[in-house]
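Colleague: So that you have it, the file is upload-v3.cif, and it contains mmCIF, C-alpha atoms and all ligand atoms:
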```
data_target
loop_
_atom_site.label_atom_id
_atom_site.label_comp_id
_atom_site.auth_asym_id
_atom_site.auth_seq_id
_atom_site.Cartn_x
_atom_site.Cartn_y
_atom_site.Cartn_z
CA MET A 29 -24.02 -216.06 195.95
CA SER A 30 -26.45 -213.76 194.17
CA GLN A 31 -29.94 -214.90 193.21
CA PRO A 32 -30.05 -217.55 190.50
CA VAL A 33 -31.30 -216.40 187.11
CA PRO A 34 -34.80 -217.81 186.73
CA VAL A 35 -35.08 -219.74 183.49
CA PRO A 36 -38.74 -220.74 183.50
CA ASN A 37 -38.88 -222.99 180.42
CA GLY A 38 -35.38 -224.32 180.08
CA LEU A 39 -32.57 -222.44 178.39
CA PRO A 40 -33.18 -219.28 176.36
CA MET A 41 -33.51 -220.69 172.84
CA GLU A 42 -35.28 -218.13 170.73
CA ARG A 43 -32.91 -216.93 167.99
CA ASP A 44 -33.95 -213.33 168.52
CA ALA A 45 -30.60 -211.91 167.33
CA GLY A 46 -30.72 -213.66 163.93
CA PRO A 47 -30.56 -217.23 162.63
CA PHE A 48 -26.81 -217.61 163.18
CA ASP A 49 -26.36 -215.75 166.45
CA PRO A 50 -26.80 -216.81 170.09
CA PRO A 51 -30.05 -215.80 171.80
CA ARG A 52 -29.69 -212.27 173.21
CA ASP A 53 -30.18 -213.51 176.80
CA ILE A 54 -27.24 -215.88 176.43
CA THR A 55 -24.99 -213.06 175.19
CA ARG A 56 -26.15 -210.82 178.05
CA LEU A 57 -25.38 -213.54 180.58
CA ARG A 58 -21.87 -214.05 179.17
CA GLU A 59 -21.20 -210.33 179.46
CA ALA A 60 -22.59 -210.08 183.00
CA ARG A 61 -21.36 -213.34 184.50
CA PRO A 62 -19.80 -216.06 182.29
CA VAL A 63 -20.44 -218.67 185.00
CA SER A 64 -24.06 -217.90 185.99
CA PRO A 65 -26.26 -219.61 188.54
CA MET A 66 -29.46 -220.81 186.93
CA LEU A 67 -32.72 -222.35 187.97
CA PHE A 68 -33.91 -225.44 186.11
CA PRO A 69 -37.58 -225.78 185.20
CA ASP A 70 -38.05 -228.27 188.07
CA GLY A 71 -36.72 -225.69 190.54
CA HIS A 72 -33.29 -227.17 191.18
CA GLU A 73 -30.26 -224.90 191.00
CA GLY A 74 -27.35 -225.35 188.64
CA TRP A 75 -25.03 -223.31 186.44
CA LEU A 76 -24.99 -221.97 182.91
CA VAL A 77 -21.49 -221.43 181.53
CA THR A 78 -21.05 -219.12 178.55
CA GLY A 79 -17.45 -217.77 178.71
CA TYR A 80 -14.76 -219.37 176.52
CA ASP A 81 -12.18 -219.91 179.28
CA ALA A 82 -14.68 -221.37 181.71
CA VAL A 83 -16.20 -223.73 179.13
CA ARG A 84 -12.75 -224.95 178.06
CA GLN A 85 -11.77 -225.49 181.68
CA ILE A 86 -14.88 -227.56 182.43
CA MET A 87 -14.42 -229.77 179.40
CA ALA A 88 -10.79 -230.42 180.34
CA ASP A 89 -11.63 -231.39 183.94
CA THR A 90 -13.06 -234.87 184.48
CA ARG A 91 -14.25 -233.90 187.94
CA PHE A 92 -17.07 -232.45 185.86
CA SER A 93 -18.66 -235.78 185.02
CA SER A 94 -20.27 -236.52 181.66
CA ARG A 95 -22.73 -238.91 183.27
CA GLN A 96 -25.42 -236.33 182.83
CA ASP A 97 -27.34 -237.19 179.76
CA ILE A 98 -28.19 -240.49 178.16
CA GLY A 99 -25.90 -240.00 175.21
CA VAL A 100 -27.53 -237.52 172.92
CA VAL A 101 -30.89 -238.10 174.60
CA HIS A 102 -31.05 -235.31 177.14
CA VAL A 103 -33.38 -236.58 179.79
CA PRO A 104 -34.96 -233.60 181.50
CA TYR A 105 -34.91 -233.82 185.28
CA GLU A 106 -38.52 -232.80 185.60
CA THR A 107 -39.55 -236.04 183.88
CA PRO A 108 -41.37 -238.26 186.38
CA GLY A 109 -39.45 -241.36 187.36
CA MET A 110 -36.02 -239.89 186.66
CA PRO A 111 -33.40 -239.60 189.39
CA VAL A 112 -33.43 -236.46 191.50
CA ALA A 113 -31.27 -233.62 190.29
CA THR A 114 -28.23 -234.49 192.35
CA GLN A 115 -27.84 -237.92 190.79
CA PRO A 116 -26.55 -238.63 187.31
CA SER A 117 -28.89 -240.37 184.89
CA PRO A 118 -28.33 -244.07 184.26
CA VAL A 119 -25.78 -244.69 181.52
CA LEU A 120 -26.59 -246.84 178.53
CA PRO A 121 -24.00 -249.55 177.84
CA GLY A 122 -21.62 -248.59 175.02
CA VAL A 123 -22.72 -244.93 174.81
CA PHE A 124 -19.34 -243.67 175.95
CA ILE A 125 -20.06 -239.96 175.34
CA ALA A 126 -21.99 -240.18 178.63
CA MET A 127 -19.30 -242.08 180.58
CA ASP A 128 -16.32 -241.11 182.70
CA PRO A 129 -12.94 -242.85 182.92
CA PRO A 130 -12.17 -245.71 183.17
CA ASP A 131 -15.32 -246.90 181.31
CA HIS A 132 -15.02 -244.11 178.77
CA THR A 133 -11.33 -244.84 178.16
CA ARG A 134 -11.92 -248.57 177.69
CA LEU A 135 -14.51 -248.05 174.95
CA ARG A 136 -13.06 -245.00 173.21
CA ARG A 137 -9.68 -246.70 172.88
CA ARG A 138 -11.27 -249.40 170.68
CA LEU A 139 -12.27 -246.79 168.14
CA THR A 140 -9.47 -244.24 168.00
CA GLY A 141 -7.51 -246.33 165.44
CA ALA A 142 -10.48 -246.29 163.07
CA PHE A 143 -10.75 -242.48 163.11
CA THR A 144 -7.13 -241.27 162.90
CA VAL A 145 -6.15 -238.40 160.60
CA ARG A 146 -4.29 -240.92 158.41
CA ARG A 147 -7.27 -243.30 158.09
CA MET A 148 -9.56 -240.41 157.28
CA LYS A 149 -7.12 -239.01 154.67
CA GLN A 150 -7.25 -242.40 152.94
CA LEU A 151 -11.01 -242.04 152.69
CA GLU A 152 -10.89 -238.56 151.22
CA GLU A 153 -11.07 -239.55 147.56
CA HIS A 154 -13.99 -241.81 148.25
CA ILE A 155 -15.85 -239.06 150.12
CA VAL A 156 -15.29 -236.70 147.18
CA ASP A 157 -16.91 -239.39 144.95
CA VAL A 158 -19.91 -239.65 147.28
CA VAL A 159 -20.31 -235.85 147.16
CA GLU A 160 -19.98 -235.68 143.36
CA ARG A 161 -22.52 -238.46 142.82
CA GLN A 162 -25.00 -236.74 145.10
CA LEU A 163 -24.46 -233.46 143.26
CA ASP A 164 -24.99 -235.25 139.90
CA GLU A 165 -28.37 -236.37 141.18
CA MET A 166 -29.23 -232.93 142.46
CA ALA A 167 -28.25 -231.33 139.13
CA ARG A 168 -30.76 -233.57 137.34
CA LEU A 169 -33.64 -232.14 139.39
CA THR A 170 -35.69 -229.13 138.41
CA PRO A 171 -35.15 -226.40 141.00
CA SER A 172 -36.23 -225.37 143.50
CA VAL A 173 -35.10 -228.29 145.68
CA ASP A 174 -34.59 -228.84 149.39
CA LEU A 175 -30.82 -228.90 149.93
CA VAL A 176 -31.20 -230.80 153.22
CA LYS A 177 -33.03 -233.70 151.56
CA GLU A 178 -31.05 -233.79 148.33
CA PHE A 179 -27.55 -233.13 149.60
CA ALA A 180 -26.79 -232.21 153.22
CA LEU A 181 -28.41 -235.27 154.81
CA PRO A 182 -27.56 -237.97 152.23
CA VAL A 183 -23.80 -237.23 152.09
CA PRO A 184 -22.92 -237.84 155.76
CA SER A 185 -25.52 -240.63 156.00
CA LEU A 186 -24.01 -242.49 153.06
CA VAL A 187 -20.49 -242.04 154.45
CA ILE A 188 -21.23 -243.13 158.01
CA CYS A 189 -23.38 -246.08 156.85
CA GLU A 190 -20.55 -247.33 154.71
CA LEU A 191 -17.92 -246.85 157.42
CA LEU A 192 -19.99 -248.61 160.05
CA GLY A 193 -21.44 -251.25 157.74
CA VAL A 194 -25.07 -250.16 158.19
CA PRO A 195 -27.17 -250.79 155.04
CA TYR A 196 -28.08 -247.35 153.60
CA ALA A 197 -31.35 -248.87 152.40
CA ASP A 198 -32.39 -249.03 156.08
CA ARG A 199 -31.99 -245.27 156.53
CA GLU A 200 -35.73 -244.72 157.09
CA THR A 201 -35.45 -246.62 160.39
CA PHE A 202 -32.54 -244.68 161.77
CA GLN A 203 -33.24 -241.25 160.29
CA VAL A 204 -36.87 -241.11 161.39
CA ASN A 205 -36.14 -242.45 164.87
CA SER A 206 -32.98 -240.44 165.48
CA ALA A 207 -34.85 -237.27 164.43
CA LYS A 208 -37.48 -238.11 167.07
CA PHE A 209 -35.17 -237.88 170.02
CA MET A 210 -33.45 -234.83 168.69
CA VAL A 211 -36.73 -232.99 169.38
CA LYS A 212 -36.25 -231.10 172.64
CA ASP A 213 -39.75 -231.22 174.10
CA GLN A 214 -40.56 -234.79 173.11
CA THR A 215 -42.03 -236.75 176.03
CA LEU A 216 -39.90 -239.42 177.65
CA GLU A 217 -42.33 -242.07 176.32
CA GLU A 218 -41.92 -240.84 172.74
CA LYS A 219 -38.15 -240.68 173.11
CA MET A 220 -38.00 -244.16 174.58
CA ALA A 221 -40.22 -245.57 171.78
CA ALA A 222 -37.85 -244.12 169.15
CA TYR A 223 -34.84 -245.33 171.11
CA ASN A 224 -36.26 -248.84 171.44
CA ALA A 225 -37.01 -249.09 167.71
CA LEU A 226 -33.46 -248.03 166.82
CA ASN A 227 -31.98 -250.21 169.53
CA THR A 228 -33.80 -253.30 168.26
CA TYR A 229 -32.60 -252.61 164.73
CA LEU A 230 -28.97 -252.06 165.77
CA CYS A 231 -28.95 -255.01 168.17
CA GLU A 232 -29.95 -257.35 165.32
CA LEU A 233 -27.34 -255.77 163.07
CA VAL A 234 -24.41 -256.15 165.52
CA THR A 235 -25.53 -259.70 166.39
CA ARG A 236 -25.29 -260.59 162.69
CA LYS A 237 -21.87 -258.91 162.51
CA ARG A 238 -20.62 -260.86 165.51
CA ALA A 239 -21.64 -264.10 163.74
CA ALA A 240 -20.25 -263.07 160.35
CA PRO A 241 -18.01 -260.00 160.57
CA GLY A 242 -17.33 -257.96 157.42
CA ASP A 243 -14.96 -255.15 156.53
CA ASP A 244 -16.33 -252.22 158.53
CA ILE A 245 -15.96 -250.51 161.92
CA LEU A 246 -18.87 -252.27 163.64
CA SER A 247 -17.50 -255.65 162.50
CA ASP A 248 -14.08 -254.71 163.93
CA LEU A 249 -15.77 -253.98 167.25
CA ALA A 250 -17.90 -257.15 167.03
CA ARG A 251 -14.73 -259.24 166.68
CA GLN A 252 -13.71 -258.15 170.20
CA ASP A 253 -15.25 -260.81 172.43
CA ASP A 254 -15.03 -258.83 175.65
CA LEU A 255 -17.56 -256.29 174.35
CA THR A 256 -21.14 -257.37 175.04
CA ILE A 257 -23.92 -257.15 172.46
CA GLU A 258 -25.45 -254.32 174.55
CA GLU A 259 -22.18 -252.38 174.40
CA LEU A 260 -21.85 -252.95 170.65
CA THR A 261 -25.43 -251.75 170.17
CA GLY A 262 -24.81 -248.63 172.26
CA ALA A 263 -21.59 -247.79 170.43
CA ALA A 264 -23.33 -248.29 167.07
CA PHE A 265 -26.17 -246.01 168.22
CA LEU A 266 -23.73 -243.26 169.26
CA LEU A 267 -21.61 -243.43 166.10
CA LEU A 268 -24.57 -243.56 163.75
CA LEU A 269 -26.29 -240.60 165.36
CA ALA A 270 -23.23 -238.46 165.97
CA GLY A 271 -21.99 -239.31 162.48
CA HIS A 272 -24.82 -237.92 160.43
CA GLU A 273 -26.97 -235.41 162.37
CA THR A 274 -24.15 -232.96 163.14
CA THR A 275 -22.41 -232.90 159.76
CA ALA A 276 -25.73 -232.72 157.89
CA ASN A 277 -26.71 -229.63 159.85
CA MET A 278 -23.31 -228.03 159.31
CA LEU A 279 -23.64 -228.53 155.54
CA SER A 280 -27.12 -227.04 155.33
CA LEU A 281 -26.77 -224.23 157.89
CA GLY A 282 -23.28 -223.48 156.51
CA THR A 283 -24.72 -223.10 152.99
CA PHE A 284 -27.44 -220.81 154.37
CA ALA A 285 -24.82 -218.71 156.19
CA LEU A 286 -22.64 -218.39 153.08
CA LEU A 287 -25.62 -217.40 150.92
CA GLU A 288 -26.46 -214.73 153.51
CA HIS A 289 -22.86 -213.42 153.41
CA PRO A 290 -22.40 -212.94 149.65
CA GLU A 291 -19.09 -211.07 149.99
CA GLN A 292 -17.54 -213.99 151.94
CA LEU A 293 -19.05 -216.47 149.50
CA ALA A 294 -17.54 -214.61 146.53
CA VAL A 295 -14.07 -214.66 148.12
CA LEU A 296 -14.38 -218.39 148.81
CA ARG A 297 -15.57 -219.17 145.28
CA ALA A 298 -12.63 -217.22 143.85
CA ASN A 299 -10.11 -218.82 146.27
CA PRO A 300 -11.07 -222.46 146.91
CA GLU A 301 -7.74 -222.96 148.74
CA LEU A 302 -9.32 -220.98 151.60
CA MET A 303 -11.78 -223.85 152.20
CA PRO A 304 -10.06 -225.53 155.21
CA GLY A 305 -9.98 -222.20 157.10
CA ALA A 306 -13.52 -221.37 156.01
CA VAL A 307 -14.75 -224.71 157.40
CA GLU A 308 -13.14 -223.97 160.78
CA GLU A 309 -14.75 -220.55 160.79
CA LEU A 310 -18.16 -221.98 159.90
CA LEU A 311 -17.76 -224.51 162.71
CA ARG A 312 -17.00 -221.70 165.15
CA TYR A 313 -19.62 -219.29 163.86
CA LEU A 314 -22.47 -221.82 163.74
CA SER A 315 -21.67 -224.23 166.61
CA VAL A 316 -24.54 -226.54 165.65
CA ALA A 317 -23.84 -228.80 168.65
CA ASP A 318 -24.26 -226.11 171.26
CA ILE A 319 -25.52 -227.30 174.64
CA PHE A 320 -23.74 -229.99 176.71
CA TYR A 321 -24.27 -231.10 180.29
CA ARG A 322 -21.80 -231.87 183.03
CA TYR A 323 -22.22 -232.77 186.70
CA ALA A 324 -19.87 -231.63 189.50
CA THR A 325 -18.57 -234.67 191.39
CA GLU A 326 -17.09 -232.48 194.15
CA ASP A 327 -17.12 -228.83 195.24
CA LEU A 328 -15.20 -226.98 192.52
CA GLU A 329 -13.95 -223.45 191.89
CA LEU A 330 -14.60 -222.06 188.43
CA CYS A 331 -13.68 -218.52 187.43
CA GLY A 332 -14.21 -217.29 190.97
CA GLU A 333 -17.53 -219.12 191.50
CA THR A 334 -18.01 -222.09 193.79
CA ILE A 335 -19.83 -224.94 192.11
CA ALA A 336 -21.26 -227.24 194.77
CA LYS A 337 -20.92 -231.00 194.48
CA GLY A 338 -23.92 -232.46 192.65
CA SER A 339 -24.67 -229.34 190.59
CA THR A 340 -25.76 -229.67 186.99
CA VAL A 341 -23.54 -227.52 184.79
CA VAL A 342 -24.78 -226.54 181.33
CA VAL A 343 -22.22 -225.26 178.83
CA SER A 344 -22.98 -223.30 175.66
CA LEU A 345 -20.33 -223.91 173.02
CA LEU A 346 -21.95 -221.30 170.79
CA ALA A 347 -21.66 -218.62 173.48
CA ALA A 348 -18.03 -219.64 174.17
CA ASN A 349 -17.17 -219.50 170.47
CA ARG A 350 -18.58 -215.96 170.30
CA ASP A 351 -16.67 -214.70 173.34
CA PRO A 352 -14.94 -211.39 172.48
CA GLU A 353 -12.27 -212.21 175.08
CA ARG A 354 -11.12 -215.03 172.79
CA PHE A 355 -12.09 -214.01 169.22
CA ASP A 356 -11.95 -210.45 167.82
CA ASN A 357 -15.23 -209.25 166.39
CA PRO A 358 -16.71 -212.67 167.21
CA ASP A 359 -20.15 -212.15 165.68
CA ALA A 360 -18.70 -211.59 162.20
CA LEU A 361 -18.31 -214.51 159.80
CA ASP A 362 -14.76 -214.06 158.50
CA ILE A 363 -13.32 -216.90 156.45
CA HIS A 364 -9.81 -215.41 156.77
CA ARG A 365 -9.88 -215.69 160.56
CA LYS A 366 -7.70 -218.17 162.43
CA ALA A 367 -10.67 -219.96 164.00
CA ARG A 368 -8.79 -223.04 165.25
CA GLY A 369 -9.12 -223.15 168.99
CA HIS A 370 -12.92 -222.99 168.64
CA LEU A 371 -14.78 -225.41 170.88
CA SER A 372 -17.25 -226.77 168.32
CA PHE A 373 -15.82 -230.28 168.61
CA GLY A 374 -15.62 -229.97 172.39
CA HIS A 375 -12.37 -230.25 174.33
CA GLY A 376 -10.67 -232.76 176.61
CA ILE A 377 -11.25 -236.50 176.75
CA HIS A 378 -14.63 -236.39 174.99
CA GLN A 379 -13.40 -234.21 172.14
CA CYS A 380 -15.17 -235.32 168.97
CA LEU A 381 -13.93 -238.68 167.71
CA GLY A 382 -15.24 -237.98 164.22
CA GLN A 383 -13.79 -234.50 163.76
CA GLN A 384 -11.36 -235.42 160.96
CA LEU A 385 -14.11 -237.24 159.13
CA ALA A 386 -16.45 -234.28 159.58
CA ARG A 387 -13.80 -231.86 158.30
CA ILE A 388 -13.20 -233.93 155.16
CA GLU A 389 -16.95 -234.22 154.50
CA MET A 390 -17.45 -230.49 154.93
CA ARG A 391 -14.48 -229.46 152.78
CA ALA A 392 -15.53 -231.83 149.98
CA GLY A 393 -19.21 -230.93 150.42
CA PHE A 394 -18.89 -227.14 150.29
CA ASP A 395 -16.21 -227.33 147.61
CA GLY A 396 -18.34 -229.50 145.30
CA LEU A 397 -21.53 -227.56 145.92
CA LEU A 398 -20.00 -224.14 145.20
CA ARG A 399 -18.14 -225.36 142.11
CA ARG A 400 -21.07 -227.25 140.58
CA PHE A 401 -23.74 -224.64 141.35
CA PRO A 402 -22.14 -221.24 140.67
CA THR A 403 -25.52 -219.49 140.73
CA LEU A 404 -26.94 -221.20 143.82
CA GLU A 405 -29.39 -219.03 145.78
CA LEU A 406 -32.20 -219.29 148.28
CA ALA A 407 -35.56 -220.06 146.71
CA VAL A 408 -37.48 -218.38 149.57
CA PRO A 409 -36.91 -215.21 151.61
CA ALA A 410 -34.32 -215.87 154.35
CA ASP A 411 -36.87 -215.28 157.12
CA GLU A 412 -39.01 -218.12 155.80
CA VAL A 413 -36.27 -220.73 156.33
CA ARG A 414 -37.44 -222.98 159.19
CA LEU A 415 -34.82 -223.02 161.96
CA ARG A 416 -34.21 -226.04 164.21
CA THR A 417 -34.66 -224.16 167.50
CA ASP A 418 -36.76 -227.13 168.61
CA MET A 419 -33.94 -229.65 168.14
CA ASN A 420 -30.85 -230.61 170.15
CA ILE A 421 -28.63 -230.08 167.12
CA TYR A 422 -29.22 -226.67 165.54
CA GLY A 423 -29.65 -226.12 161.82
CA VAL A 424 -32.47 -225.75 159.33
CA HIS A 425 -35.35 -228.15 158.75
CA GLU A 426 -35.32 -227.46 155.00
CA LEU A 427 -33.27 -225.18 152.77
CA PRO A 428 -35.13 -224.46 149.51
CA VAL A 429 -32.52 -223.49 146.89
CA THR A 430 -32.54 -222.73 143.20
CA TRP A 431 -30.00 -222.13 140.39
CA THR A 432 -29.84 -221.12 136.75
CA GLU A 433 -26.83 -223.18 135.71
CA SER A 434 -24.89 -226.15 136.98
CA ALA A 435 -21.46 -227.39 135.98
CA ARG A 436 -19.55 -230.69 136.02
C1 LIG B 501 -18.23 -236.00 170.55
C2 LIG B 501 -19.41 -232.18 167.80
C3 LIG B 501 -19.22 -234.99 163.81
C4 LIG B 501 -18.62 -238.87 166.61
C5 LIG B 501 -18.51 -234.71 170.14
C6 LIG B 501 -18.52 -233.55 171.00
C7 LIG B 501 -18.86 -232.48 170.23
C8 LIG B 501 -19.06 -232.97 168.87
C9 LIG B 501 -19.03 -231.04 170.69
C10 LIG B 501 -18.15 -233.51 172.50
C11 LIG B 501 -19.26 -233.94 173.39
C12 LIG B 501 -18.97 -233.82 174.87
O1 LIG B 501 -17.92 -233.33 175.28
O2 LIG B 501 -19.84 -234.23 175.68
C13 LIG B 501 -19.45 -232.62 166.47
C14 LIG B 501 -19.70 -231.75 165.34
C15 LIG B 501 -19.62 -232.55 164.21
C16 LIG B 501 -19.36 -233.91 164.65
C17 LIG B 501 -19.95 -230.25 165.40
C18 LIG B 501 -19.79 -232.21 162.76
C19 LIG B 501 -19.56 -231.06 162.23
C20 LIG B 501 -19.01 -236.28 164.21
C21 LIG B 501 -18.86 -237.40 163.32
C22 LIG B 501 -18.71 -238.51 164.08
C23 LIG B 501 -18.74 -238.06 165.50
C24 LIG B 501 -18.89 -237.35 161.78
C25 LIG B 501 -18.52 -239.87 163.51
C26 LIG B 501 -18.51 -240.96 164.06
C27 LIG B 501 -18.50 -238.42 167.91
C28 LIG B 501 -18.33 -239.31 169.05
C29 LIG B 501 -18.22 -238.47 170.19
C30 LIG B 501 -18.33 -237.11 169.72
C31 LIG B 501 -18.27 -240.82 169.03
C32 LIG B 501 -18.03 -238.92 171.65
C33 LIG B 501 -16.56 -238.89 171.99
C34 LIG B 501 -16.28 -239.24 173.44
O3 LIG B 501 -17.16 -239.18 174.30
O4 LIG B 501 -15.13 -239.62 173.71
N1 LIG B 501 -18.82 -234.34 168.84
N2 LIG B 501 -19.28 -233.90 166.03
N3 LIG B 501 -18.92 -236.70 165.51
N4 LIG B 501 -18.50 -237.11 168.34
FE1 LIG B 501 -18.77 -235.51 167.17
#
```
Let's see the structure in the file written out as structure tokens.
Ligand code: HEM
Modeller:
Amino acid sequence: MSQPVPVPNGLPMERDAGPFDPPRDITRLREARPVSPMLFPDGHEGWLVTGYDAVRQIMADTRFSSRQDIGVVHVPYETPGMPVATQPSPVLPGVFIAMDPPDHTRLRRRLTGAFTVRRMKQLEEHIVDVVERQLDEMARLTPSVDLVKEFALPVPSLVICELLGVPYADRETFQVNSAKFMVKDQTLEEKMAAYNALNTYLCELVTRKRAAPGDDILSDLARQDDLTIEELTGAAFLLLLAGHETTANMLSLGTFALLEHPEQLAVLRANPELMPGAVEELLRYLSVADIFYRYATEDLELCGETIAKGSTVVVSLLAANRDPERFDNPDALDIHRKARGHLSFGHGIHQCLGQQLARIEMRAGFDGLLRRFPTLELAVPADEVRLRTDMNIYGVHELPVTWTESAR
């Protein structure tokens, strides 16, 4: 095996090729060796996987364990007190994104019925209402406004709160704390403090639901006696976080990308029926949930490389979605492209449970925004938009926008 690529401070993260493109080092690695040995900051060796085929293969193969991160809280191995690199981190009860079968299967099965295409279709009209109400409020403001605060964050938060039965009025608690462990270089103490605050809140909530269940997904789970309160709390934590952070960043970064590609935006405005395809392309092009961790449970062959048992394997969905072996002219945003087959919702047994919900929210969100604000534009130069390179889910911190007219 050739020398591992030294990565002194974690993964290359600087968006040196532009706000929507992978870091140049990541692209270079994919071209040179799509399954690349890499050194972690603590000195242990692992792999960085950037090629489409290899990433897809890993996500389809449960011998690559998901017991690598504590849910969305990526615990860095160099943190004192954590297990050594060849052991998976402890798994939080209920947080099934970080579990393998059969534990993963047992928990995920309880929720699949709640997130089917049919169930989500039934919600569509309601989601359109949520979007329109939020846009009414935004239209009453005097621009410029921050699109993240006024639109992109409230829409998925309102929807997931209602679905789960979490009071929207309590959003300060979960938005502030969930944002805290999305910060990459937060200390373990800070992450744990945020986690504990959210955990306490959700534990009280699911305990109340167990005593007096209502008409929502968490109540449906709480009715199932064989799930413990800890498992209910963990599942609530996962759904609440996964349900708003990702979609919110897609809505805001997607708007930024469209405003920066005026010719694509004009075609989409003139042909709203292209929206479903445009959403798939934005998912591919932006890949806001980029980095995922796996752990080899045995010696495995991958694209000609031997991955030793115990290795940490890092996949970049963004790099895979920009692989020229899979997508022609991959760095171009092209709303006419057949982008299905992208890996932005993952692949295999952990493939995103909320993908139909996210699609409906994005179609309704972009559709409403473009229709109601035909003159929407950035209120600051593009290079002044603050990018979330410091966060686990990519996007923008704020998106100042302005307009000269709005419509009903
Ligand atoms: C899993 C992306 C929206 C709930 C995943 C995974 C990805 C992803 C890449 C796979 C993780 C892995 O393999 O380790 C996204 C993106 C979204 C989105 C890009 C928005 C555009 C949502 C929404 C929900 C949700 C709205 C609502 C509840 C979940 C859950 C899992 C998951 C529960 C874990 C599934 C499992 O482990 O079986 N998501 N997601 N996601 N997502 Fe999403």
Colleague: What is the distance between CA of Asp49 (chain A) and CA of Leu314 (chain A), in Å to one decimal?
Modeller: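 CA of Leu314 (chain A) lies at a distance of 7.7 Å from CA of Asp49 (chain A).
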Colleague: Around the point (-16.6, -254.0, 157.6) (coordinates from the file), which residues reach within 10 Å if we count all atoms listed in the file? Answer as an NGL selection string.
Modeller: :A and (190-194 or 237 or 241-249)
Colleague: Have a look at A:Leu255, A:Leu281, A:Val234, A:Ala367 and name the one nearest to ligand LIG 501 (chain B); count all atoms listed in the file.
Modeller: A:Leu281
Colleague: When you draw a straight line from CA of Gln379 (chain A) to atom C6 of ligand LIG 501 (chain B), how long is it in Å?
Modeller: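 So the two atoms, CA of Gln379 (chain A) and atom C6 of ligand LIG 501 (chain B), lie 5.3 Å apart.
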Colleague: Compare A:Leu293, A:Met419, A:Leu286, A:Ile319 by their minimum atom-to-atom distance to Ser372 (chain A), counting all atoms listed in the file, and give me the closest one.
Modeller: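 Residue with the minimum atom-to-atom distance to Ser372 (chain A): A:Ile319.
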Colleague: Specify the axis-aligned box that encloses all atoms of ligand LIG 501 (chain B) listed in the file after padding of 3 Å on each side, stating its centre and edge lengths in Å to one decimal as JSON.
Modeller:
```
{"center_x": -17.5, "center_y": -235.6, "center_z": 168.7, "size_x": 10.8, "size_y": 16.7, "size_z": 19.9}
```
Colleague: Determine, counting all atoms listed in the file, which protein, DNA and RNA residues have an atom within 12 Å of an atom of Val295 (chain A); residues of the same chain fewer than 4 positions away are not included. Present the result as a PyMOL selection string.
Modeller: chain A and resi 286+289-291+299-303+306+362-364+398
Colleague: Output C-alpha atoms for every residue in the selection just made, as a PDB file, in the coordinates of the input.
Modeller:
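The result, written out as selection29.pdb:
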```
ATOM      1  CA  LEU A 286     -22.640-218.390 153.080  1.00  0.00           C
ATOM      2  CA  HIS A 289     -22.860-213.420 153.410  1.00  0.00           C
ATOM      3  CA  PRO A 290     -22.400-212.940 149.650  1.00  0.00           C
ATOM      4  CA  GLU A 291     -19.090-211.070 149.990  1.00  0.00           C
ATOM      5  CA  ASN A 299     -10.110-218.820 146.270  1.00  0.00           C
ATOM      6  CA  PRO A 300     -11.070-222.460 146.910  1.00  0.00           C
ATOM      7  CA  GLU A 301      -7.740-222.960 148.740  1.00  0.00           C
ATOM      8  CA  LEU A 302      -9.320-220.980 151.600  1.00  0.00           C
ATOM      9  CA  MET A 303     -11.780-223.850 152.200  1.00  0.00           C
ATOM     10  CA  ALA A 306     -13.520-221.370 156.010  1.00  0.00           C
ATOM     11  CA  ASP A 362     -14.760-214.060 158.500  1.00  0.00           C
ATOM     12  CA  ILE A 363     -13.320-216.900 156.450  1.00  0.00           C
ATOM     13  CA  HIS A 364      -9.810-215.410 156.770  1.00  0.00           C
ATOM     14  CA  LEU A 398     -20.000-224.140 145.200  1.00  0.00           C
TER      15      LEU A 398
END
```
Colleague: Report as a PyMOL selection string all protein, DNA and RNA residues lying within 12 Å of Met220 (chain A), evaluated on all atoms listed in the file, omitting residues in the same chain fewer than 2 positions from it.
Modeller: chain A and resi 98+101-103+205-206+208-210+214-218+222-228
Colleague: I'd like the neighbourhood of Thr144 (chain A) as a list in words, where a residue qualifies if any of its atoms comes within 9 Å (using all atoms listed in the file), though same-chain residues fewer than 3 positions away should be ignored.
Modeller: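 Skipping anything fewer than 3 positions along the chain leaves Thr140, Gly141, Arg147, Met148, Lys149, Leu381, Gly382, Gln384 and Leu385 of chain A.
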Colleague: One number please: CA of Arg387 (chain A) to CA of Asp356 (chain A), in Å, one decimal.
Modeller: 23.5 Å
Colleague: Smallest atom-to-atom distance to ligand LIG 501 (chain B): which of A:Ala386, A:Cys231, A:Leu287, A:Cys331, using all atoms listed in the file?
Modeller: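 So, comparing all the options, the nearest one is A:Ala386.
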Colleague: Pick out the closest residue to ligand LIG 501 (chain B) from this set: A:Arg238, A:Arg84, A:His425, A:Arg297. Count all atoms listed in the file.
Modeller: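 Selected residue with least distance to ligand LIG 501 (chain B): A:Arg84.
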Colleague: Could you tell me which of A:Glu333, A:Glu59, A:Glu326, A:Glu309 comes closest to Trp75 (chain A) if we count all atoms listed in the file?
Modeller: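 Checking each candidate against Trp75 (chain A), we get A:Glu333 as the closest.
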Colleague: Rank A:Leu163, A:Val408, A:Val341, A:Met41 by their smallest atom-to-atom distance to Ser94 (chain A), using only C-alpha atoms, and report the top residue only.
Modeller: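 Going through A:Leu163, A:Val408, A:Val341, A:Met41 one by one, the smallest distance to Ser94 (chain A) is for A:Val341.
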